[in-house]
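Student: There's a structure below that I have some questions on.
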Amino acid sequence: MRNLLVTGGCGFIGTNFIRHLLRRNDFLGRIVNVDLLTYAGNPENLADLAETHVARYQFVKADICDRSAMEEVFDTHRIDTVCHFAAESHVDRSIVGPAAFIRTNILGTFTLLEICRERHADIHRFHHVSTDEVYGSLGAEGLFTETTAYDPSSPYSASKAGSDHLVRAYQRTYDLPVTLSNCSNNYGPYQFPEKLIPLMILNAREGKPLPVYGDGKNVRDWLYVEDHCAAIWQVLQAGRCGETYNVGGRCEMENLQVVETICDRLDLLVPPTGDARRNLITFVADRPGHDRRYAIDCSKIETELDWQPQESFASGIEKTIQWYLDNVEWVARVRSGAYREWIATHYGDD
Ligand code: NAD
Ligand code: DAU
């Protein structure tokens, strides 16, 4: 693996993944990060790398759906490996406006696969980063395995399911060397504050209402982002071509439990001026098509690739809360219109 293309590297997991790789001493290649810089992409996350890793890291602003721009990236940088994160990723946004999800998640993945098909001999691996949401909802019992039937509920998960099917089809039809990972809910530094955990940390810190959908008893399986990055690296290195690996934290929690944990931890770190922060919890209308429970059986990646999550929820949430408390300027910028203006000045606006 000499020249690795990371798509969506300015987003939450992509940012953590690039930082993770450059810290590892068993990764010696170069990274080209292609990102369109949508509302979720923040080039500041990696701005220091242009100085600290000038020979090993490069950023290119481009749309994965733009075939000629992407062909230029592959040829200029002699890409031999792809780790594909770029996506529209927020379920609530997909309910309000599905079109961008179909475009980026399905057409964008298709565009990359076509480019790799044409350069088949040069491509050692195409790794597709996907989600457990493709499997739909579990009842009170059971776990998602790699053979669970797809049953997506939202436009987001349906678009990710479509992209997963395309990736597998390119392996079966054209023998493209692909791998897939389907992961549960991530949390940690650099997550855009629309997702449950950063939204609750920031609202709770600011004394704002904490909107919990429905009865708050929906279950998610939480994984600290650094553990997800280590899992992807293991799959890239040692995963078998054509295989799918489920990744999860063995950490099922009801949403209400997550929000209460955040409130209690923040009360200790930053004592509230008035009532305990749990009083800010507000039950609001449920998300349409809200999946009740996700839980991952990750025994395949544990036994085949010797991966296990290192972080418990207690230690991971502690680090995450502290990161958001320490990075108030980052938060202010990603929430502000000034940030969009800065992107337009530095990278051009589409
Ligand atoms: P994110 O929304 O934080 O980041 C997505 C990135 O993709 C952004 O930087 C955005 O600018 C970029 N992007 C969007 N459209 C693009 C386009 N057309 N061309 C180029 N770049 C584009 O998402 P995330 O949470 O980091 O998720 C990354 C991947 O991991 C996604 O594929 C997602 O489905 C998957 N995933 C996420 C989670 C999670 O809990 N966040 C869990 C499992 C899998
Ligand atoms: O499971 C993996 C998926 O996890 C990823 O594929 C997605 O990209 C990622 O966004 C995430 O999807 P969720 O829909 O599970 O994450 P979200 O943070 O939006 O919501 C987590 C749970 O919290 C979900 O049950 C909805 C609930 N929720 C969310 C928000 C934003 C609330 O109750 N209130 C909220 O304000």
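Scheme for the structure tokens: letters A, B, ... for chains in order shown; per-chain residue numbers from 1; ligand numbers from 1 in order shown.
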Counting only C-alpha atoms, give me one row per residue of region 10-119 of chain A with an atom at most 9 Å from an atom of region 128-136 of chain A, showing the shortest contact pair and its distance in Å to one decimal, sorted by chain then residue number, as a tab-separated table.
Tutor:
```
residue	atom	partner	partner_atom	distance
A:Val82	CA	A:His128	CA	8.2
A:Cys83	CA	A:His128	CA	6.2
A:His84	CA	A:His128	CA	5.1
A:Phe85	CA	A:Val129	CA	5.5
A:Ala86	CA	A:Val129	CA	8.7
A:Thr109	CA	A:His128	CA	8.7
```
Student: Can I get the selected residues back with all heavy atoms, as a JSON list (two decimals), in the first residue's frame?
Tutor:
```
[["chain", "number", "residue", "atom", "x", "y", "z"],
["A", 82, "VAL", "N", -7.88, 2.19, -1.91],
["A", 82, "VAL", "CA", -8.94, 3.17, -1.62],
["A", 82, "VAL", "C", -9.59, 2.81, -0.29],
["A", 82, "VAL", "O", -9.90, 1.64, -0.04],
["A", 82, "VAL", "CB", -10.03, 3.16, -2.73],
["A", 82, "VAL", "CG1", -11.13, 4.16, -2.41],
["A", 82, "VAL", "CG2", -9.42, 3.45, -4.10],
["A", 83, "CYS", "N", -9.77, 3.82, 0.57],
["A", 83, "CYS", "CA", -10.57, 3.63, 1.78],
["A", 83, "CYS", "C", -11.69, 4.66, 1.69],
["A", 83, "CYS", "O", -11.46, 5.87, 1.83],
["A", 83, "CYS", "CB", -9.70, 3.81, 3.03],
["A", 83, "CYS", "SG", -10.58, 3.29, 4.50],
["A", 84, "HIS", "N", -12.89, 4.17, 1.47],
["A", 84, "HIS", "CA", -14.01, 5.04, 1.04],
["A", 84, "HIS", "C", -14.97, 5.35, 2.20],
["A", 84, "HIS", "O", -15.80, 4.53, 2.58],
["A", 84, "HIS", "CB", -14.74, 4.31, -0.10],
["A", 84, "HIS", "CG", -15.95, 5.02, -0.60],
["A", 84, "HIS", "ND1", -16.07, 6.39, -0.67],
["A", 84, "HIS", "CD2", -17.13, 4.52, -1.09],
["A", 84, "HIS", "CE1", -17.25, 6.71, -1.16],
["A", 84, "HIS", "NE2", -17.91, 5.60, -1.41],
["A", 85, "PHE", "N", -14.80, 6.57, 2.73],
["A", 85, "PHE", "CA", -15.68, 7.06, 3.80],
["A", 85, "PHE", "C", -16.75, 8.03, 3.29],
["A", 85, "PHE", "O", -17.79, 8.18, 3.91],
["A", 85, "PHE", "CB", -14.88, 7.86, 4.85],
["A", 85, "PHE", "CG", -13.90, 7.09, 5.66],
["A", 85, "PHE", "CD1", -12.58, 6.97, 5.26],
["A", 85, "PHE", "CD2", -14.28, 6.50, 6.86],
["A", 85, "PHE", "CE1", -11.65, 6.28, 6.01],
["A", 85, "PHE", "CE2", -13.36, 5.80, 7.63],
["A", 85, "PHE", "CZ", -12.04, 5.69, 7.21],
["A", 86, "ALA", "N", -16.44, 8.78, 2.21],
["A", 86, "ALA", "CA", -17.29, 9.93, 1.83],
["A", 86, "ALA", "C", -18.75, 9.52, 1.70],
["A", 86, "ALA", "O", -19.08, 8.55, 1.01],
["A", 86, "ALA", "CB", -16.80, 10.52, 0.52],
["A", 109, "THR", "N", -20.20, 6.24, -5.01],
["A", 109, "THR", "CA", -19.54, 4.93, -4.87],
["A", 109, "THR", "C", -19.40, 4.26, -6.23],
["A", 109, "THR", "O", -18.34, 3.72, -6.58],
["A", 109, "THR", "CB", -20.34, 4.04, -3.89],
["A", 109, "THR", "OG1", -20.46, 4.73, -2.64],
["A", 109, "THR", "CG2", -19.66, 2.71, -3.66]]
```
Student: Can you list, as a tab-separated table (two decimals) with N, CA, C and O atoms, in the first residue's frame, every residue of region 52-297 of chain A that DSSP puts in strand (DSSP E)?
Tutor:
```tsv
chain	number	residue	atom	x	y	z
A	57	TYR	N	1.05	13.55	3.15
A	57	TYR	CA	-0.38	13.86	3.20
A	57	TYR	C	-0.72	14.98	2.24
A	57	TYR	O	-0.04	16.01	2.21
A	58	GLN	N	-1.77	14.77	1.47
A	58	GLN	CA	-2.22	15.83	0.56
A	58	GLN	C	-3.75	15.87	0.54
A	58	GLN	O	-4.40	14.83	0.54
A	59	PHE	N	-4.27	17.11	0.51
A	59	PHE	CA	-5.72	17.28	0.44
A	59	PHE	C	-6.13	17.77	-0.95
A	59	PHE	O	-5.49	18.66	-1.51
A	60	VAL	N	-7.19	17.18	-1.49
A	60	VAL	CA	-7.75	17.64	-2.78
A	60	VAL	C	-9.24	17.85	-2.57
A	60	VAL	O	-9.95	16.93	-2.15
A	61	LYS	N	-9.69	19.07	-2.86
A	61	LYS	CA	-11.14	19.30	-2.78
A	61	LYS	C	-11.78	18.81	-4.07
A	61	LYS	O	-11.48	19.33	-5.15
A	81	THR	N	-4.69	2.00	-3.44
A	81	THR	CA	-5.60	1.51	-2.40
A	81	THR	C	-6.63	2.60	-2.12
A	81	THR	O	-6.29	3.79	-2.10
A	82	VAL	N	-7.88	2.19	-1.91
A	82	VAL	CA	-8.94	3.17	-1.62
A	82	VAL	C	-9.59	2.81	-0.29
A	82	VAL	O	-9.90	1.64	-0.04
A	83	CYS	N	-9.77	3.82	0.57
A	83	CYS	CA	-10.57	3.63	1.78
A	83	CYS	C	-11.69	4.66	1.69
A	83	CYS	O	-11.46	5.87	1.83
A	84	HIS	N	-12.89	4.17	1.47
A	84	HIS	CA	-14.01	5.04	1.04
A	84	HIS	C	-14.97	5.35	2.20
A	84	HIS	O	-15.80	4.53	2.58
A	125	ARG	N	-6.62	-2.76	-3.35
A	125	ARG	CA	-7.74	-2.93	-2.42
A	125	ARG	C	-8.69	-1.72	-2.49
A	125	ARG	O	-8.24	-0.57	-2.55
A	126	PHE	N	-9.99	-2.02	-2.52
A	126	PHE	CA	-11.03	-0.99	-2.37
A	126	PHE	C	-11.78	-1.34	-1.10
A	126	PHE	O	-12.49	-2.35	-1.05
A	127	HIS	N	-11.59	-0.53	-0.05
A	127	HIS	CA	-12.32	-0.80	1.19
A	127	HIS	C	-13.49	0.16	1.33
A	127	HIS	O	-13.32	1.38	1.29
A	128	HIS	N	-14.66	-0.40	1.55
A	128	HIS	CA	-15.89	0.39	1.65
A	128	HIS	C	-16.34	0.44	3.11
A	128	HIS	O	-16.58	-0.60	3.73
A	129	VAL	N	-16.45	1.67	3.63
A	129	VAL	CA	-16.83	1.84	5.03
A	129	VAL	C	-18.35	1.97	5.10
A	129	VAL	O	-18.92	2.92	4.57
A	130	SER	N	-19.00	1.00	5.74
A	130	SER	CA	-20.46	1.06	5.79
A	130	SER	C	-20.99	0.92	7.23
A	130	SER	O	-20.22	1.01	8.18
A	131	THR	N	-22.26	0.71	7.31
A	131	THR	CA	-22.97	0.89	8.58
A	131	THR	C	-23.82	-0.33	8.92
A	131	THR	O	-24.29	-1.05	8.03
A	178	VAL	N	-12.19	-6.13	-3.20
A	178	VAL	CA	-12.91	-5.26	-2.25
A	178	VAL	C	-12.98	-5.91	-0.87
A	178	VAL	O	-12.90	-7.13	-0.73
A	179	THR	N	-13.15	-5.06	0.14
A	179	THR	CA	-13.59	-5.50	1.47
A	179	THR	C	-14.63	-4.48	1.95
A	179	THR	O	-14.65	-3.34	1.47
A	180	LEU	N	-15.46	-4.91	2.89
A	180	LEU	CA	-16.46	-4.01	3.48
A	180	LEU	C	-16.41	-4.13	5.00
A	180	LEU	O	-16.11	-5.21	5.52
A	181	SER	N	-16.72	-3.03	5.68
A	181	SER	CA	-16.94	-3.11	7.12
A	181	SER	C	-18.26	-2.42	7.43
A	181	SER	O	-18.54	-1.34	6.89
A	182	ASN	N	-19.07	-3.06	8.26
A	182	ASN	CA	-20.36	-2.48	8.67
A	182	ASN	C	-20.30	-2.24	10.17
A	182	ASN	O	-20.24	-3.18	10.96
A	183	CYS	N	-20.28	-0.97	10.52
A	183	CYS	CA	-19.99	-0.59	11.91
A	183	CYS	C	-21.20	0.03	12.60
A	183	CYS	O	-22.08	0.62	11.97
A	185	ASN	N	-22.70	2.62	15.90
A	185	ASN	CA	-22.59	4.08	16.15
A	185	ASN	C	-21.25	4.47	16.75
A	185	ASN	O	-20.87	3.96	17.80
A	186	ASN	N	-20.58	5.40	16.10
A	186	ASN	CA	-19.29	5.93	16.58
A	186	ASN	C	-19.51	7.20	17.38
A	186	ASN	O	-20.47	7.95	17.14
A	187	TYR	N	-18.58	7.48	18.28
A	187	TYR	CA	-18.55	8.77	18.97
A	187	TYR	C	-17.09	9.09	19.28
A	187	TYR	O	-16.23	8.20	19.28
A	210	LEU	N	-32.63	19.07	25.93
A	210	LEU	CA	-32.00	17.87	25.37
A	210	LEU	C	-33.09	17.02	24.72
A	210	LEU	O	-33.79	16.27	25.41
A	211	PRO	N	-33.27	17.16	23.38
A	211	PRO	CA	-34.41	16.49	22.72
A	211	PRO	C	-34.19	14.99	22.55
A	211	PRO	O	-33.31	14.57	21.79
A	212	VAL	N	-34.99	14.21	23.25
A	212	VAL	CA	-34.89	12.74	23.13
A	212	VAL	C	-36.09	12.26	22.33
A	212	VAL	O	-37.24	12.55	22.68
A	213	TYR	N	-35.83	11.53	21.23
A	213	TYR	CA	-36.92	11.10	20.35
A	213	TYR	C	-37.72	9.96	21.00
A	213	TYR	O	-37.15	9.02	21.57
A	219	VAL	N	-32.16	1.49	21.21
A	219	VAL	CA	-30.83	1.02	21.63
A	219	VAL	C	-29.83	1.16	20.49
A	219	VAL	O	-30.13	0.78	19.34
A	220	ARG	N	-28.67	1.69	20.80
A	220	ARG	CA	-27.56	1.75	19.85
A	220	ARG	C	-26.34	1.07	20.51
A	220	ARG	O	-26.23	1.03	21.73
A	221	ASP	N	-25.42	0.58	19.65
A	221	ASP	CA	-24.22	-0.13	20.14
A	221	ASP	C	-23.04	0.81	19.90
A	221	ASP	O	-22.62	1.00	18.76
A	222	TRP	N	-22.54	1.43	20.96
A	222	TRP	CA	-21.60	2.55	20.81
A	222	TRP	C	-20.15	2.09	20.74
A	222	TRP	O	-19.72	1.21	21.49
A	223	LEU	N	-19.40	2.72	19.82
A	223	LEU	CA	-17.98	2.39	19.64
A	223	LEU	C	-17.17	3.68	19.56
A	223	LEU	O	-17.51	4.58	18.77
A	224	TYR	N	-16.11	3.74	20.35
A	224	TYR	CA	-15.23	4.92	20.30
A	224	TYR	C	-14.53	4.94	18.94
A	224	TYR	O	-14.05	3.90	18.45
A	244	THR	N	-16.90	-9.28	4.25
A	244	THR	CA	-17.49	-8.21	5.05
A	244	THR	C	-17.16	-8.47	6.51
A	244	THR	O	-17.20	-9.63	6.95
A	245	TYR	N	-16.84	-7.41	7.25
A	245	TYR	CA	-16.55	-7.54	8.68
A	245	TYR	C	-17.47	-6.59	9.45
A	245	TYR	O	-17.47	-5.38	9.20
A	246	ASN	N	-18.23	-7.14	10.37
A	246	ASN	CA	-19.05	-6.30	11.26
A	246	ASN	C	-18.17	-5.78	12.39
A	246	ASN	O	-17.37	-6.52	12.95
A	247	VAL	N	-18.36	-4.50	12.73
A	247	VAL	CA	-17.55	-3.87	13.78
A	247	VAL	C	-18.51	-3.22	14.78
A	247	VAL	O	-19.41	-2.47	14.39
A	252	GLU	N	-24.26	-1.99	24.18
A	252	GLU	CA	-25.63	-1.56	23.92
A	252	GLU	C	-26.12	-0.63	25.02
A	252	GLU	O	-25.98	-0.94	26.20
A	253	MET	N	-26.70	0.49	24.60
A	253	MET	CA	-27.28	1.42	25.59
A	253	MET	C	-28.55	2.04	25.02
A	253	MET	O	-28.62	2.35	23.83
A	254	GLU	N	-29.52	2.26	25.90
A	254	GLU	CA	-30.70	3.03	25.48
A	254	GLU	C	-30.30	4.49	25.37
A	254	GLU	O	-29.44	4.97	26.14
A	281	ILE	N	-33.72	17.23	29.96
A	281	ILE	CA	-34.20	16.20	29.02
A	281	ILE	C	-35.66	16.47	28.65
A	281	ILE	O	-36.51	16.65	29.53
A	282	THR	N	-35.91	16.50	27.32
A	282	THR	CA	-37.25	16.81	26.81
A	282	THR	C	-37.62	15.74	25.79
A	282	THR	O	-36.91	15.58	24.79
A	283	PHE	N	-38.71	15.03	26.04
A	283	PHE	CA	-39.14	14.02	25.07
A	283	PHE	C	-39.85	14.72	23.91
A	283	PHE	O	-40.73	15.55	24.14
A	284	VAL	N	-39.42	14.41	22.70
A	284	VAL	CA	-40.00	15.06	21.51
A	284	VAL	C	-40.52	13.98	20.56
A	284	VAL	O	-40.32	12.79	20.80
```
Student: With 7 Å as the cut-off and only C-alpha atoms and all ligand atoms counted, what is the closest atom pair between each nearby residue of chain A and ligand 1? Distances in Å to one decimal, ordered by chain and number, as a tab-separated table.
Tutor:
```
residue	atom	partner	partner_atom_place_in_ligand_line	distance
A:Thr7	CA	ligand 1	21 (N)	6.1
A:Gly8	CA	ligand 1	7 (O)	3.6
A:Gly9	CA	ligand 1	9 (O)	5.7
A:Cys10	CA	ligand 1	9 (O)	4.0
A:Gly11	CA	ligand 1	9 (O)	3.2
A:Phe12	CA	ligand 1	26 (O)	3.7
A:Ile13	CA	ligand 1	26 (O)	3.7
A:Gly14	CA	ligand 1	26 (O)	5.4
A:Val34	CA	ligand 1	20 (C)	6.1
A:Asp35	CA	ligand 1	21 (N)	3.7
A:Leu36	CA	ligand 1	20 (C)	4.0
A:Leu37	CA	ligand 1	11 (O)	3.7
A:Thr38	CA	ligand 1	11 (O)	4.0
A:Tyr39	CA	ligand 1	11 (O)	6.4
A:Ala40	CA	ligand 1	8 (C)	4.7
A:Gly41	CA	ligand 1	9 (O)	3.1
A:Asn42	CA	ligand 1	9 (O)	6.3
A:Ala62	CA	ligand 1	20 (C)	5.8
A:Asp63	CA	ligand 1	19 (N)	3.6
A:Ile64	CA	ligand 1	19 (N)	4.1
A:Cys65	CA	ligand 1	18 (N)	5.7
A:Phe85	CA	ligand 1	29 (C)	4.1
A:Ala86	CA	ligand 1	7 (O)	3.6
A:Ala87	CA	ligand 1	14 (C)	4.6
A:Glu88	CA	ligand 1	14 (C)	5.2
A:Ser89	CA	ligand 1	2 (O)	4.6
A:His90	CA	ligand 1	2 (O)	6.6
A:Thr104	CA	ligand 1	18 (N)	4.6
A:Gly108	CA	ligand 1	18 (N)	6.2
A:Val129	CA	ligand 1	32 (O)	5.3
A:Ser130	CA	ligand 1	44 (C)	4.6
A:Thr131	CA	ligand 1	44 (C)	4.0
A:Asp132	CA	ligand 1	43 (C)	6.6
A:Lys160	CA	ligand 1	34 (O)	6.6
A:Asn182	CA	ligand 1	43 (C)	6.3
A:Cys183	CA	ligand 1	43 (C)	4.3
A:Ser184	CA	ligand 1	42 (C)	5.1
A:Asn185	CA	ligand 1	40 (O)	3.7
A:Asn186	CA	ligand 1	40 (O)	3.8
A:Tyr187	CA	ligand 1	40 (O)	6.6
A:Gln191	CA	ligand 1	3 (O)	6.1
A:Phe192	CA	ligand 1	3 (O)	6.1
```
Student: Using only C-alpha atoms and all ligand atoms, which of A:Trp233, A:Phe101, A:Tyr339, A:Trp330 sits nearest ligand 2?
Tutor: A:Phe101
Student: Mind dumping a table of every region 122-179 of chain A residue within 6 Å of region 287-302 of chain A, with the nearest atom pair and its distance in Å to one decimal, using only C-alpha atoms, sorted by chain and rising number, as JSON lines?
Tutor:
```
{"residue": "A:Ser137", "atom": "CA", "partner": "A:Asp291", "partner_atom": "CA", "distance": 4.9}
{"residue": "A:Leu138", "atom": "CA", "partner": "A:Arg293", "partner_atom": "CA", "distance": 5.0}
{"residue": "A:Leu143", "atom": "CA", "partner": "A:Ala295", "partner_atom": "CA", "distance": 5.2}
{"residue": "A:Phe144", "atom": "CA", "partner": "A:Ile296", "partner_atom": "CA", "distance": 4.9}
{"residue": "A:Thr145", "atom": "CA", "partner": "A:Asp297", "partner_atom": "CA", "distance": 5.4}
{"residue": "A:Ser153", "atom": "CA", "partner": "A:Gly289", "partner_atom": "CA", "distance": 6.0}
```
Student: Output N, CA, C and O atoms for every residue in that selection, as a PDB file, in the first residue's frame.
Tutor:
```pdb
ATOM      1  N   SER A 137     -33.862  -3.064  11.813  1.00  0.00           N
ATOM      2  CA  SER A 137     -34.024  -3.012  13.260  1.00  0.00           C
ATOM      3  C   SER A 137     -34.097  -4.400  13.878  1.00  0.00           C
ATOM      4  O   SER A 137     -34.700  -5.303  13.301  1.00  0.00           O
ATOM      5  N   LEU A 138     -33.498  -4.538  15.078  1.00  0.00           N
ATOM      6  CA  LEU A 138     -33.619  -5.778  15.848  1.00  0.00           C
ATOM      7  C   LEU A 138     -34.756  -5.651  16.848  1.00  0.00           C
ATOM      8  O   LEU A 138     -35.074  -4.538  17.294  1.00  0.00           O
ATOM      9  N   LEU A 143     -28.442 -10.454  17.439  1.00  0.00           N
ATOM     10  CA  LEU A 143     -27.362  -9.560  17.023  1.00  0.00           C
ATOM     11  C   LEU A 143     -27.272  -9.578  15.502  1.00  0.00           C
ATOM     12  O   LEU A 143     -27.598 -10.586  14.881  1.00  0.00           O
ATOM     13  N   PHE A 144     -26.782  -8.495  14.908  1.00  0.00           N
ATOM     14  CA  PHE A 144     -26.512  -8.501  13.463  1.00  0.00           C
ATOM     15  C   PHE A 144     -25.222  -9.273  13.212  1.00  0.00           C
ATOM     16  O   PHE A 144     -24.182  -8.978  13.823  1.00  0.00           O
ATOM     17  N   THR A 145     -25.286 -10.241  12.293  1.00  0.00           N
ATOM     18  CA  THR A 145     -24.055 -10.889  11.829  1.00  0.00           C
ATOM     19  C   THR A 145     -23.834 -10.476  10.376  1.00  0.00           C
ATOM     20  O   THR A 145     -24.686  -9.817   9.778  1.00  0.00           O
ATOM     21  N   SER A 153     -34.231   1.050   6.749  1.00  0.00           N
ATOM     22  CA  SER A 153     -35.462   1.785   7.067  1.00  0.00           C
ATOM     23  C   SER A 153     -35.478   3.218   6.554  1.00  0.00           C
ATOM     24  O   SER A 153     -36.541   3.763   6.299  1.00  0.00           O
TER      25      SER A 153
END
```
Student: Just checking: using only C-alpha atoms and all ligand atoms, which residue out of A:Asn45, A:Asn25, A:Asn218, A:Ser154 ends up closest to ligand 2?
Tutor: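 Of the candidates, the smallest distance to ligand 2 is held by A:Asn218.
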Student: Using only C-alpha atoms and all ligand atoms, which of the listed residues (A:Pro152, A:Gly337, A:Pro177, A:Pro309) sits closest to ligand 2?
Tutor: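 Between A:Pro152, A:Gly337, A:Pro177, A:Pro309, the residue approaching ligand 2 most closely is A:Pro152.
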Student: Could you write out, as a PyMOL selection string, all the residues of region 75-226 of chain A that DSSP marks as helix (DSSP H, G or I)?
Tutor: chain A and resi 75-76+91-96+99-118+120-122+132-135+155-174+196-205+225-226
Student: A:Ile95, A:Ala338, A:Leu113, A:Val235: which is nearest ligand 2, counting only C-alpha atoms and all ligand atoms?
Tutor: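 Closest candidate: A:Ile95.
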Student: Go through A:Asp92, A:Glu118, A:Asp164, A:Asp151 and flag the residue nearest ligand 2, using only C-alpha atoms and all ligand atoms for the distances.
Tutor: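 Closest to ligand 2 of all the choices is A:Asp92.
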